[in-house]
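Here is target.txt, consisting of compact mmCIF, C-alpha atoms:
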# COMPACT_ATOMS: atom_id res chain seq x y z
CA MET A 1 -12.77 -9.17 15.53
CA LEU A 2 -11.94 -7.30 18.71
CA ILE A 3 -8.52 -5.68 18.94
CA GLU A 4 -8.86 -3.75 22.18
CA LEU A 5 -11.47 -2.68 24.73
CA LYS A 6 -11.00 0.37 26.96
CA PHE A 7 -13.28 1.94 29.54
CA LYS A 8 -13.05 4.21 32.58
CA ASN A 9 -15.25 5.34 35.48
CA PHE A 10 -17.77 2.51 35.16
CA ARG A 11 -19.20 0.53 38.08
CA SER A 12 -16.29 -0.76 40.21
CA PHE A 13 -13.62 0.50 37.78
CA ASN A 14 -12.42 4.05 38.41
CA ASN A 15 -9.19 4.13 36.40
CA GLU A 16 -8.82 3.24 32.73
CA VAL A 17 -9.10 -0.46 31.92
CA THR A 18 -7.54 -2.03 28.84
CA LEU A 19 -8.35 -5.54 27.64
CA SER A 20 -6.12 -6.28 24.65
CA MET A 21 -6.61 -9.16 22.23
CA VAL A 22 -3.27 -8.43 20.52
CA ALA A 23 -0.96 -11.42 20.89
CA SER A 24 2.44 -11.11 22.51
CA SER A 25 5.64 -12.43 20.93
CA ASP A 26 5.08 -15.82 22.62
CA LYS A 27 5.43 -18.61 20.04
CA SER A 28 3.32 -21.19 21.90
CA SER A 29 -0.15 -22.47 20.89
CA PRO A 30 -0.28 -21.09 17.33
CA ASN A 31 -3.85 -22.40 16.92
CA ASN A 32 -4.94 -19.86 19.54
CA LEU A 33 -4.07 -17.02 17.13
CA PHE A 34 -5.11 -15.63 13.79
CA THR A 35 -3.89 -12.82 11.55
CA LYS A 36 -5.71 -10.07 9.64
CA ASP A 37 -4.34 -8.18 6.65
CA SER A 38 -5.90 -4.94 7.87
CA PHE A 39 -3.92 -5.20 11.12
CA SER A 40 -0.52 -5.33 9.42
CA LYS A 41 -0.57 -9.15 9.72
CA ARG A 42 -0.19 -8.82 13.48
CA LYS A 43 -1.64 -11.73 15.42
CA LEU A 44 -4.84 -11.55 17.45
CA LEU A 45 -6.04 -13.94 20.17
CA CYS A 46 -8.99 -16.28 19.64
CA SER A 47 -9.97 -16.15 23.30
CA ALA A 48 -9.31 -14.63 26.70
CA VAL A 49 -10.28 -15.72 30.22
CA ILE A 50 -10.70 -13.50 33.30
CA TYR A 51 -10.20 -14.69 36.89
CA GLY A 52 -10.77 -13.03 40.23
CA PRO A 53 -12.60 -13.42 43.55
CA ASN A 54 -16.31 -12.83 43.99
CA ALA A 55 -17.31 -9.14 43.81
CA SER A 56 -13.92 -8.21 42.33
CA GLY A 57 -15.41 -6.72 39.15
CA LYS A 58 -15.20 -9.56 36.61
CA THR A 59 -18.86 -9.24 35.69
CA ASN A 60 -18.51 -5.46 35.38
CA ILE A 61 -16.19 -5.96 32.40
CA ILE A 62 -18.96 -7.91 30.67
CA GLU A 63 -21.42 -5.21 31.75
CA ALA A 64 -19.23 -2.51 30.20
CA VAL A 65 -19.32 -4.33 26.85
CA ASN A 66 -23.06 -4.87 27.25
CA PHE A 67 -23.59 -1.15 27.89
CA ILE A 68 -21.51 -0.14 24.84
CA ASP A 69 -23.39 -2.61 22.65
CA ASN A 70 -26.84 -1.55 23.89
CA PHE A 71 -26.11 2.17 23.74
CA VAL A 72 -24.74 2.00 20.19
CA ASN A 73 -27.70 -0.10 19.07
CA ASN A 74 -30.47 1.72 20.90
CA SER A 75 -29.49 5.30 21.81
CA ALA A 76 -31.60 6.71 18.94
CA GLU A 77 -34.67 4.95 20.36
CA ARG A 78 -34.39 6.55 23.79
CA LYS A 79 -37.17 8.82 25.02
CA PRO A 80 -36.10 12.50 25.07
CA ASP A 81 -35.32 14.15 28.42
CA THR A 82 -34.62 10.89 30.21
CA GLU A 83 -31.37 10.04 31.97
CA ILE A 84 -28.85 7.73 30.34
CA GLU A 85 -28.91 4.74 32.68
CA PHE A 86 -25.53 3.40 33.71
CA ARG A 87 -23.43 3.33 36.87
CA GLN A 88 -20.33 5.41 37.32
CA PHE A 89 -17.71 4.60 39.95
CA LEU A 90 -19.46 5.37 43.25
CA LEU A 91 -16.76 4.86 45.90
CA ALA A 92 -15.31 8.36 45.51
CA ASP A 93 -14.55 10.82 48.32
CA ASN A 94 -16.49 13.52 46.49
CA PRO A 95 -19.53 13.22 44.20
CA ASN A 96 -18.36 11.69 40.93
CA ASN A 97 -19.08 14.27 38.25
CA LYS A 98 -16.50 12.97 35.77
CA PRO A 99 -17.70 11.46 32.49
CA SER A 100 -17.42 7.74 31.82
CA GLU A 101 -15.25 6.73 28.88
CA PHE A 102 -15.57 3.85 26.42
CA GLU A 103 -13.52 2.85 23.36
CA VAL A 104 -13.49 -0.21 21.10
CA SER A 105 -10.93 -1.06 18.40
CA PHE A 106 -12.10 -3.74 16.00
CA ILE A 107 -12.00 -5.23 12.50
CA ASP A 108 -15.31 -5.70 10.71
CA GLN A 109 -16.49 -8.50 8.45
CA GLU A 110 -15.04 -6.74 5.37
CA ASP A 111 -11.59 -6.57 7.01
CA ASN A 112 -11.86 -2.83 7.75
CA ARG A 113 -10.22 -1.60 10.95
CA TYR A 114 -11.84 1.05 13.18
CA GLN A 115 -11.33 2.78 16.51
CA TYR A 116 -14.59 4.10 17.97
CA GLY A 117 -15.28 5.70 21.34
CA PHE A 118 -17.40 8.07 23.36
CA HIS A 119 -17.52 9.89 26.72
CA LEU A 120 -20.81 10.59 28.47
CA ASP A 121 -22.59 11.43 31.68
CA ASN A 122 -26.22 10.79 32.63
CA LYS A 123 -27.45 13.71 30.50
CA LYS A 124 -25.48 13.82 27.26
CA VAL A 125 -22.71 12.51 25.05
CA ILE A 126 -19.69 14.68 25.81
CA LYS A 127 -17.27 13.31 23.21
CA GLU A 128 -17.53 10.87 20.34
CA TRP A 129 -15.06 9.91 17.62
CA LEU A 130 -14.37 7.42 14.86
CA VAL A 131 -11.00 6.67 13.26
CA ALA A 132 -10.71 4.35 10.26
CA TYR A 133 -7.50 2.63 9.11
CA PRO A 134 -7.67 2.00 5.36
CA LYS A 135 -4.37 0.42 4.27
CA GLY A 136 -3.19 0.73 7.89
CA LEU A 137 -3.17 4.55 7.88
CA PRO A 138 -5.42 6.43 10.35
CA GLN A 139 -8.20 8.66 9.03
CA THR A 140 -10.38 10.62 11.45
CA TRP A 141 -13.89 10.31 10.04
CA PHE A 142 -15.62 12.40 12.67
CA GLU A 143 -15.21 14.01 16.08
CA ARG A 144 -17.89 15.43 18.32
CA GLU A 145 -17.46 17.50 21.48
CA HIS A 146 -20.12 18.89 23.81
CA LEU A 147 -18.44 20.53 26.80
CA GLY A 148 -21.05 23.22 27.45
CA SER A 149 -24.46 23.03 29.07
CA LEU A 150 -27.17 20.68 27.86
CA GLY A 151 -28.81 23.50 25.87
CA SER A 152 -25.62 24.45 24.01
CA LYS A 153 -24.65 23.05 20.62
CA PRO A 154 -21.91 20.43 20.25
CA LYS A 155 -18.97 20.97 17.93
CA TYR A 156 -18.49 18.56 15.05
CA TYR A 157 -15.52 17.84 12.80
CA PHE A 158 -15.93 15.70 9.69
CA GLY A 159 -12.94 14.33 7.81
CA ARG A 160 -12.87 14.59 4.03
CA ASN A 161 -13.03 10.80 3.72
CA LEU A 162 -16.44 10.61 5.37
CA LYS A 163 -19.01 11.18 2.64
CA GLY A 164 -22.72 11.75 3.07
CA LYS A 165 -25.07 14.25 4.69
CA ASN A 166 -22.97 14.62 7.83
CA ASN A 167 -23.98 18.17 8.80
CA GLN A 168 -27.68 17.49 8.31
CA ILE A 169 -27.48 14.35 10.44
CA SER A 170 -25.58 16.20 13.20
CA GLU A 171 -28.42 18.76 13.36
CA LEU A 172 -30.89 15.91 13.87
CA THR A 173 -28.83 14.20 16.62
CA ARG A 174 -29.97 14.89 20.18
CA PRO A 175 -27.34 15.48 22.92
CA ASP A 176 -28.15 12.11 24.50
CA VAL A 177 -27.89 10.12 21.24
CA LEU A 178 -24.75 8.83 19.55
CA PHE A 179 -24.01 10.34 16.14
CA LEU A 180 -23.01 6.88 14.88
CA THR A 181 -26.38 5.41 15.87
CA ASN A 182 -28.41 8.24 14.39
CA ALA A 183 -26.41 8.21 11.16
CA ALA A 184 -27.03 4.48 10.75
CA LYS A 185 -30.76 4.97 11.39
CA LEU A 186 -30.75 7.65 8.67
CA ASN A 187 -29.05 5.28 6.20
CA HIS A 188 -25.57 6.82 6.16
CA LYS A 189 -23.75 4.24 4.05
CA GLN A 190 -20.24 4.39 5.54
CA LEU A 191 -21.35 4.67 9.16
CA SER A 192 -24.01 1.99 8.74
CA ASN A 193 -21.18 -0.45 8.00
CA VAL A 194 -19.52 0.48 11.32
CA TYR A 195 -22.82 0.30 13.20
CA THR A 196 -23.46 -3.17 11.77
CA TRP A 197 -20.41 -4.56 13.60
CA PHE A 198 -21.98 -3.64 16.95
CA LYS A 199 -25.41 -4.83 15.85
CA ASP A 200 -24.37 -8.21 14.44
CA SER A 201 -20.78 -9.10 15.32
CA LEU A 202 -20.62 -8.22 19.02
CA ARG A 203 -22.56 -10.64 21.23
CA VAL A 204 -22.89 -10.56 25.02
CA LEU A 205 -24.33 -13.32 27.23
CA ASN A 206 -25.06 -12.18 30.75
CA GLY A 207 -25.07 -15.02 33.28
CA GLN A 208 -28.21 -13.81 35.07
CA ASP A 209 -30.52 -13.73 32.04
CA MET A 210 -28.76 -16.07 29.64
CA THR A 211 -30.97 -19.14 29.94
CA PRO A 212 -34.50 -17.68 29.36
CA PHE A 213 -33.57 -15.32 26.53
CA PHE A 214 -31.12 -17.53 24.67
CA PHE A 215 -33.28 -20.62 25.15
CA ASN A 216 -35.85 -18.88 22.95
CA PHE A 217 -33.11 -17.65 20.61
CA THR A 218 -31.66 -21.14 20.16
CA ALA A 219 -35.05 -22.81 19.81
CA SER A 220 -36.18 -20.22 17.25
CA ARG A 221 -32.96 -20.55 15.21
CA ALA A 222 -33.25 -24.35 15.22
CA LYS A 223 -36.89 -24.28 14.16
CA LYS A 224 -36.25 -21.93 11.23
CA ASP A 225 -33.00 -23.40 9.91
CA PRO A 226 -32.53 -27.18 9.46
CA LYS A 227 -28.74 -26.72 9.23
CA ILE A 228 -28.67 -25.02 12.64
CA PHE A 229 -30.99 -27.74 14.00
CA ASN A 230 -28.56 -30.45 12.87
CA LYS A 231 -25.53 -28.61 14.28
CA ILE A 232 -27.21 -28.13 17.68
CA THR A 233 -28.15 -31.82 17.66
CA GLN A 234 -24.54 -32.79 16.98
CA PHE A 235 -23.32 -30.38 19.65
CA LEU A 236 -25.60 -31.95 22.28
CA GLN A 237 -24.63 -35.47 21.20
CA ILE A 238 -20.88 -34.95 21.51
CA ALA A 239 -21.37 -33.23 24.87
CA ASP A 240 -21.89 -36.71 26.39
CA LEU A 241 -25.15 -35.82 28.14
CA GLY A 242 -26.94 -38.94 26.98
CA ILE A 243 -28.95 -36.84 24.52
CA SER A 244 -29.53 -38.24 21.03
CA GLY A 245 -31.68 -35.40 19.69
CA PHE A 246 -34.47 -32.93 20.41
CA ASP A 247 -37.84 -31.79 19.17
CA ILE A 248 -39.39 -28.31 19.09
CA HIS A 249 -43.14 -27.79 19.42
CA GLU A 250 -45.03 -24.54 19.04
CA LYS A 251 -47.77 -23.92 21.58
CA ILE A 252 -50.24 -21.09 22.14
CA TYR A 253 -51.22 -20.66 25.79
CA THR A 254 -54.84 -20.12 26.81
CA GLU A 255 -56.54 -19.41 30.14
CA LYS A 256 -56.88 -23.16 30.73
CA ASP A 257 -53.07 -23.50 30.98
CA PHE A 258 -52.88 -21.35 34.12
CA SER A 259 -54.18 -21.87 37.63
CA ASP A 260 -56.54 -19.33 39.17
CA ASP A 261 -53.85 -18.03 41.53
CA PHE A 262 -51.23 -17.52 38.76
CA PRO A 263 -50.00 -13.85 38.75
CA ALA A 264 -52.17 -11.89 36.31
CA GLU A 265 -49.36 -9.64 35.04
CA ILE A 266 -47.20 -12.60 34.06
CA LYS A 267 -50.20 -14.41 32.59
CA LYS A 268 -50.83 -11.51 30.20
CA GLN A 269 -47.37 -12.01 28.69
CA PHE A 270 -48.17 -15.61 27.69
CA ILE A 271 -51.85 -15.84 26.80
CA ASN A 272 -52.44 -16.05 23.04
CA GLN A 273 -48.69 -15.82 22.42
CA LYS A 274 -46.66 -18.42 20.55
CA HIS A 275 -44.25 -20.30 22.79
CA LEU A 276 -41.60 -22.82 21.79
CA GLU A 277 -41.31 -25.96 23.87
CA VAL A 278 -38.22 -28.16 23.62
CA SER A 279 -38.04 -31.85 24.47
CA LEU A 280 -34.73 -33.69 24.61
CA ARG A 281 -34.55 -37.28 23.37
CA HIS A 282 -32.70 -39.94 25.39
CA ASN A 283 -32.07 -43.48 24.13
CA TYR A 284 -32.23 -46.48 26.43
CA GLY A 285 -32.24 -50.22 26.03
CA GLU A 286 -32.42 -51.56 22.48
CA ASN A 287 -33.90 -49.04 20.07
CA LYS A 288 -35.94 -47.38 22.80
CA GLU A 289 -36.20 -43.66 23.42
CA VAL A 290 -37.92 -41.24 25.77
CA TYR A 291 -38.42 -37.48 25.62
CA PHE A 292 -37.96 -35.15 28.58
CA PRO A 293 -39.08 -31.49 28.60
CA LEU A 294 -36.06 -29.21 28.73
CA GLU A 295 -37.24 -27.67 32.02
CA GLU A 296 -36.93 -31.10 33.67
CA GLU A 297 -33.29 -31.43 32.64
CA SER A 298 -30.41 -30.28 34.85
CA SER A 299 -29.49 -26.60 34.95
CA GLY A 300 -26.24 -27.49 33.16
CA THR A 301 -28.11 -29.13 30.28
CA GLN A 302 -30.48 -26.16 30.06
CA ASN A 303 -27.55 -23.72 29.99
CA LEU A 304 -25.77 -25.75 27.35
CA PHE A 305 -28.82 -25.82 25.10
CA ALA A 306 -29.27 -22.05 25.52
CA LEU A 307 -25.60 -21.49 24.77
CA SER A 308 -25.46 -23.74 21.70
CA GLY A 309 -27.30 -21.36 19.35
CA PRO A 310 -25.14 -18.29 20.03
CA LEU A 311 -21.98 -20.41 19.97
CA ILE A 312 -22.75 -21.82 16.53
CA ASP A 313 -23.68 -18.38 15.18
CA VAL A 314 -20.48 -16.81 16.49
CA LEU A 315 -18.21 -19.58 15.18
CA GLU A 316 -19.88 -19.65 11.76
CA ASN A 317 -19.67 -15.89 11.24
CA GLY A 318 -16.40 -14.92 12.93
CA TRP A 319 -18.10 -12.79 15.59
CA VAL A 320 -17.03 -11.79 19.12
CA LEU A 321 -18.72 -13.41 22.12
CA PHE A 322 -18.50 -12.16 25.73
CA VAL A 323 -19.92 -14.55 28.35
CA ASP A 324 -20.42 -13.93 32.05
CA GLU A 325 -19.72 -17.13 34.01
CA LEU A 326 -19.30 -19.50 31.07
CA ASP A 327 -18.80 -22.40 33.49
CA SER A 328 -22.17 -21.89 35.22
CA SER A 329 -23.50 -25.39 36.01
CA LEU A 330 -21.15 -26.92 33.42
CA HIS A 331 -18.61 -29.67 34.05
CA PRO A 332 -15.01 -28.36 33.72
CA LEU A 333 -14.39 -30.63 30.74
CA MET A 334 -17.47 -29.21 29.01
CA THR A 335 -16.19 -25.66 29.52
CA ARG A 336 -12.84 -26.76 28.18
CA PHE A 337 -14.53 -28.34 25.15
CA ILE A 338 -16.29 -25.03 24.36
CA VAL A 339 -13.04 -23.07 24.64
CA GLU A 340 -11.21 -25.51 22.38
CA LEU A 341 -13.82 -25.00 19.65
CA PHE A 342 -12.43 -21.47 19.29
CA HIS A 343 -8.87 -22.81 19.21
CA ASN A 344 -9.65 -25.34 16.47
CA PRO A 345 -8.78 -23.82 13.06
CA LYS A 346 -10.94 -26.43 11.30
CA ILE A 347 -14.02 -25.17 13.18
CA ASN A 348 -13.12 -21.54 13.84
CA THR A 349 -12.32 -20.66 10.24
CA LYS A 350 -13.28 -16.96 10.38
CA GLY A 351 -11.50 -15.74 13.50
CA ALA A 352 -14.33 -15.86 16.05
CA GLN A 353 -13.35 -14.78 19.57
CA LEU A 354 -14.52 -15.86 23.03
CA ILE A 355 -13.95 -13.68 26.13
CA PHE A 356 -15.36 -14.91 29.44
CA ASN A 357 -14.91 -14.89 33.20
CA THR A 358 -14.77 -17.96 35.41
CA HIS A 359 -13.65 -19.48 38.71
CA ASP A 360 -12.66 -22.75 37.02
CA THR A 361 -8.91 -23.04 37.65
CA THR A 362 -8.66 -26.32 35.69
CA LEU A 363 -8.63 -24.09 32.60
CA MET A 364 -5.55 -22.26 33.85
CA ASP A 365 -3.32 -24.58 31.90
CA CYS A 366 -0.57 -23.83 29.39
CA CYS A 367 -2.00 -26.59 27.20
CA ILE A 368 -5.25 -24.60 26.84
CA PHE A 369 -4.32 -20.92 27.13
CA ARG A 370 -1.24 -18.90 26.31
CA ARG A 371 -0.02 -16.57 29.04
CA ASP A 372 -1.32 -13.50 27.19
CA GLN A 373 -4.85 -14.98 27.20
CA ILE A 374 -5.18 -15.07 31.00
CA TRP A 375 -6.34 -11.97 32.89
CA PHE A 376 -7.07 -11.14 36.51
CA VAL A 377 -9.31 -8.67 38.34
CA GLU A 378 -8.87 -7.59 41.93
CA LYS A 379 -9.93 -4.67 44.12
CA ASP A 380 -7.61 -2.34 46.04
CA ASN A 381 -8.25 -1.11 49.58
CA LYS A 382 -10.41 1.73 48.21
CA GLY A 383 -12.80 -0.67 46.49
CA CYS A 384 -11.51 0.09 42.99
CA SER A 385 -11.21 -2.83 40.55
CA HIS A 386 -8.08 -3.33 38.45
CA LEU A 387 -7.57 -5.57 35.42
CA TYR A 388 -4.14 -6.97 34.59
CA SER A 389 -2.58 -9.72 32.51
CA LEU A 390 -0.70 -12.82 33.65
CA LEU A 391 2.16 -11.55 31.47
CA GLU A 392 2.92 -8.95 34.14
CA TYR A 393 4.24 -11.78 36.33
CA SER A 394 6.43 -13.36 33.61
CA PRO A 395 5.62 -16.96 34.56
CA ARG A 396 7.78 -19.74 33.16
CA LYS A 397 6.34 -21.50 30.12
CA ASN A 398 5.78 -24.78 31.98
CA GLU A 399 4.78 -23.23 35.30
CA ALA A 400 1.85 -24.80 37.18
CA LEU A 401 -0.39 -21.77 36.73
CA ALA A 402 -3.43 -22.99 38.67
CA LYS A 403 -1.30 -23.92 41.68
CA GLY A 404 0.51 -20.58 41.56
CA TYR A 405 -2.78 -18.71 41.34
CA LEU A 406 -4.40 -20.52 44.27
CA ILE A 407 -1.43 -19.81 46.57
CA GLY A 408 -1.64 -16.12 45.67
CA ARG A 409 1.34 -15.76 43.34
CA TYR A 410 -0.61 -13.62 40.85
CA GLY A 411 -3.04 -11.94 43.24
CA ALA A 412 -6.79 -11.76 42.50
CA ILE A 413 -7.79 -14.36 45.13
CA PRO A 414 -10.04 -13.94 48.19
CA PHE A 415 -8.59 -13.72 51.70
CA PHE A 416 -10.76 -15.04 54.51
CA GLY A 417 -10.81 -14.00 58.13
CA GLU A 418 -11.68 -16.32 61.03
CA PRO A 419 -15.26 -16.24 62.34
CA GLN A 420 -15.60 -15.10 65.95
CA TRP A 421 -18.68 -17.21 66.65
CA GLY A 422 -17.19 -18.77 69.77
CA ASN A 423 -16.44 -15.35 71.27
CA MET A 424 -19.98 -14.21 70.44
CA GLU A 425 -21.49 -17.15 72.32
CA ASN A 426 -19.29 -16.49 75.38
CA ALA A 427 -20.25 -12.80 75.35
CA GLU A 428 -23.97 -13.71 75.25
CA LYS A 429 -23.56 -16.02 78.26
CA GLN A 430 -21.86 -13.26 80.24

Using the file provided, produce a representation of the structure as structure tokens.
Amino acid sequence: MLIELKFKNFRSFNNEVTLSMVASSDKSSPNNLFTKDSFSKRKLLCSAVIYGPNASGKTNIIEAVNFIDNFVNNSAERKPDTEIEFRQFLLADNPNNKPSEFEVSFIDQEDNRYQYGFHLDNKKVIKEWLVAYPKGLPQTWFEREHLGSLGSKPKYYFGRNLKGKNNQISELTRPDVLFLTNAAKLNHKQLSNVYTWFKDSLRVLNGQDMTPFFFNFTASRAKKDPKIFNKITQFLQIADLGISGFDIHEKIYTEKDFSDDFPAEIKKQFINQKHLEVSLRHNYGENKEVYFPLEEESSGTQNLFALSGPLIDVLENGWVLFVDELDSSLHPLMTRFIVELFHNPKINTKGAQLIFNTHDTTLMDCCIFRRDQIWFVEKDNKGCSHLYSLLEYSPRKNEALAKGYLIGRYGAIPFFGEPQWGNMENAEKQ
């Protein structure tokens, strides 16, 4: 479960950003909350939604989580002497030589609480630390600092509660690799448990690549596990899309499946490879049915099928799911239905969390979200994005939030100028 996300100097965000999933003292919507013993029984939010105009930086919050997740999972696999690929804040008066900063506070599947973070530039990890909270008391397990040149040695501190071959692993950790990642790869028992939270419990769906990748993920999960197949079937049925079921077929492509002018590079990726094809079943008339290939369905239906696998996994296991543009091609009531799955204690029994961005103001409703679940992003006149909570405006409990947002009461809306097309035409005539 996510407690708090912090980052700084990343993409359109220059100053420190804090997204907190800690609930306020608000007593409304108790189903939107859960408690954890390891967090002193304080309440955490089941979901959070982020609003803002186009190009304000909403997606960059998802990208920050995606970068953290990928770097923790894969930094040990990087090729030596290659730059760490990420974007710092670019709209600075001087070249931006400051490190970027990332920190995540979370509770793992065994109810252990951790605070993990790192600073880095394009060449090396500058700082890295891990604090554990057994019985609510902080214990620094390790700290790493590398302030000198790339060829110098970093300084490490290991707390007495971190067992294992810490010094040996530090000697084997390159400047551009996280100690946490390398320790997990070298089977460090305590740190492998922390690493596993990033590997398994933190999921990110990027709006641009969600459908192709997670279509295969969902189809593969359904083919291997009959229970998942049945749950996806039920999910599609109750979504009121006219779908009564689906079938999955495995196909191996050959040269005959491609036209002569099909791009050769793309063809190589498919020939002699197993590919899963999905057909959705629709009933009509009396006891009649017809199958349509998934690619012939609407983009909303395709997105929903792709999303169903990760959603079921996250809800079943109590994981954290970040989604860029959850409402993409979906009806507002469908988006609302997905959100309410996380607010239903009969379905969300393990404290799964959903964090997403959207333009759908029909969700900005006190019947769906508490005030501490709604966040906004907007840019200042220097092009720097800022994240802030609806709580900063202290709205009344029964306030019409969507109306207030659209008239600019909480900021984070676009402002449009008037086109000068008529003046342009007159100037051309002159």

If we count only C-alpha atoms and set the cut-off at 12 Å, which residues sit around Gly318 (chain A), ignoring sequence neighbours fewer than 5 positions away in its own chain? Please answer as a PyMOL selection string.
chain A and resi 1-2+34+46+107-111+197+200-203+310-313+342+345+347-354

Using all atoms listed in the file, the shortest atom-to-atom distance to Val177 (chain A) among A:Phe118, A:Phe305, A:Phe39, A:Tyr388 belongs to A:Phe118

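In this structure, CA of Asp176 (chain A) sits 8.5 Å away from CA of Asn122 (chain A).
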
Using all atoms listed in the file, find the one residue out of A:Cys367, A:Lys185, A:Val204, A:Gly52 that sits nearest to Val323 (chain A).
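Result for the nearest residue to Val323 (chain A): A:Val204.
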
Rounded to one decimal place, report the CA of Glu296 (chain A)-CA of Leu205 (chain A) distance in Å.
22.7 Å

Excluding region 79-85 of chain A and its own-chain neighbours fewer than 4 positions away, which residues fall within 10 Å of it when counting all atoms listed in the file? Please give them as a list in words.
Phe67, Phe71, Ser75, Leu120, Asp121, Asn122, Lys123, Lys124, Val125, Arg174, Pro175, Asp176 and Val177 of chain A

Which is closer to Gly309 (chain A) than all the others in A:Thr362, A:Gln373, A:Ser220, A:Asn9, using only C-alpha atoms?
A:Ser220

With all atoms listed in the file as the counted atoms, please give the residues lying no more than 12 Å from Val17 (chain A), apart from itself and same-chain residues fewer than 5 positions off, as a PyMOL selection string.
chain A and resi 4-12+57-58+60-61+64+100-104+375-377+384-389

For a quick check of understanding, using all atoms listed in the file, which of A:Leu326, A:Leu391, A:Leu180, A:Leu236 has the smallest distance to Leu130 (chain A)?
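Going through A:Leu326, A:Leu391, A:Leu180, A:Leu236 one by one, the smallest distance to Leu130 (chain A) is for A:Leu180.
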
If you count all atoms listed in the file, the residue of A:Glu295, A:Asp372, A:Ser308, A:Ser259 closest to Gln237 (chain A) turns out to be A:Ser308

Of the candidates A:Phe337, A:Phe198, A:Phe13, A:Tyr51, which one gets nearest to Met364 (chain A) if we count all atoms listed in the file?
A:Tyr51

With 10 Å as the threshold, what does the neighbourhood of (-26.3, -25.9, 29.0) contain in terms of residues, counting all atoms listed in the file? Coordinates are those of the file; answer as a ChimeraX atom specification.
/A:211,215,236,239,297-308,326-331,334

CA of Tyr157 (chain A) to CA of Trp129 (chain A), distance in Å rounded to a single decimal:
9.3 Å

If we count only C-alpha atoms and set the cut-off at 12 Å, which residues sit around region 276-292 of chain A, ignoring sequence neighbours fewer than 2 positions away in its own chain? Please answer as number ranges by chain.
A: 212-213, 215-224, 232-233, 236-237, 240-253, 270, 273-274, 294-298, 301-302, 305-306

Residues within 12 Å of Lys403 (chain A), only C-alpha atoms, excluding chain neighbours under 6 positions, as a ChimeraX atom specification
/A:361-365,409-410
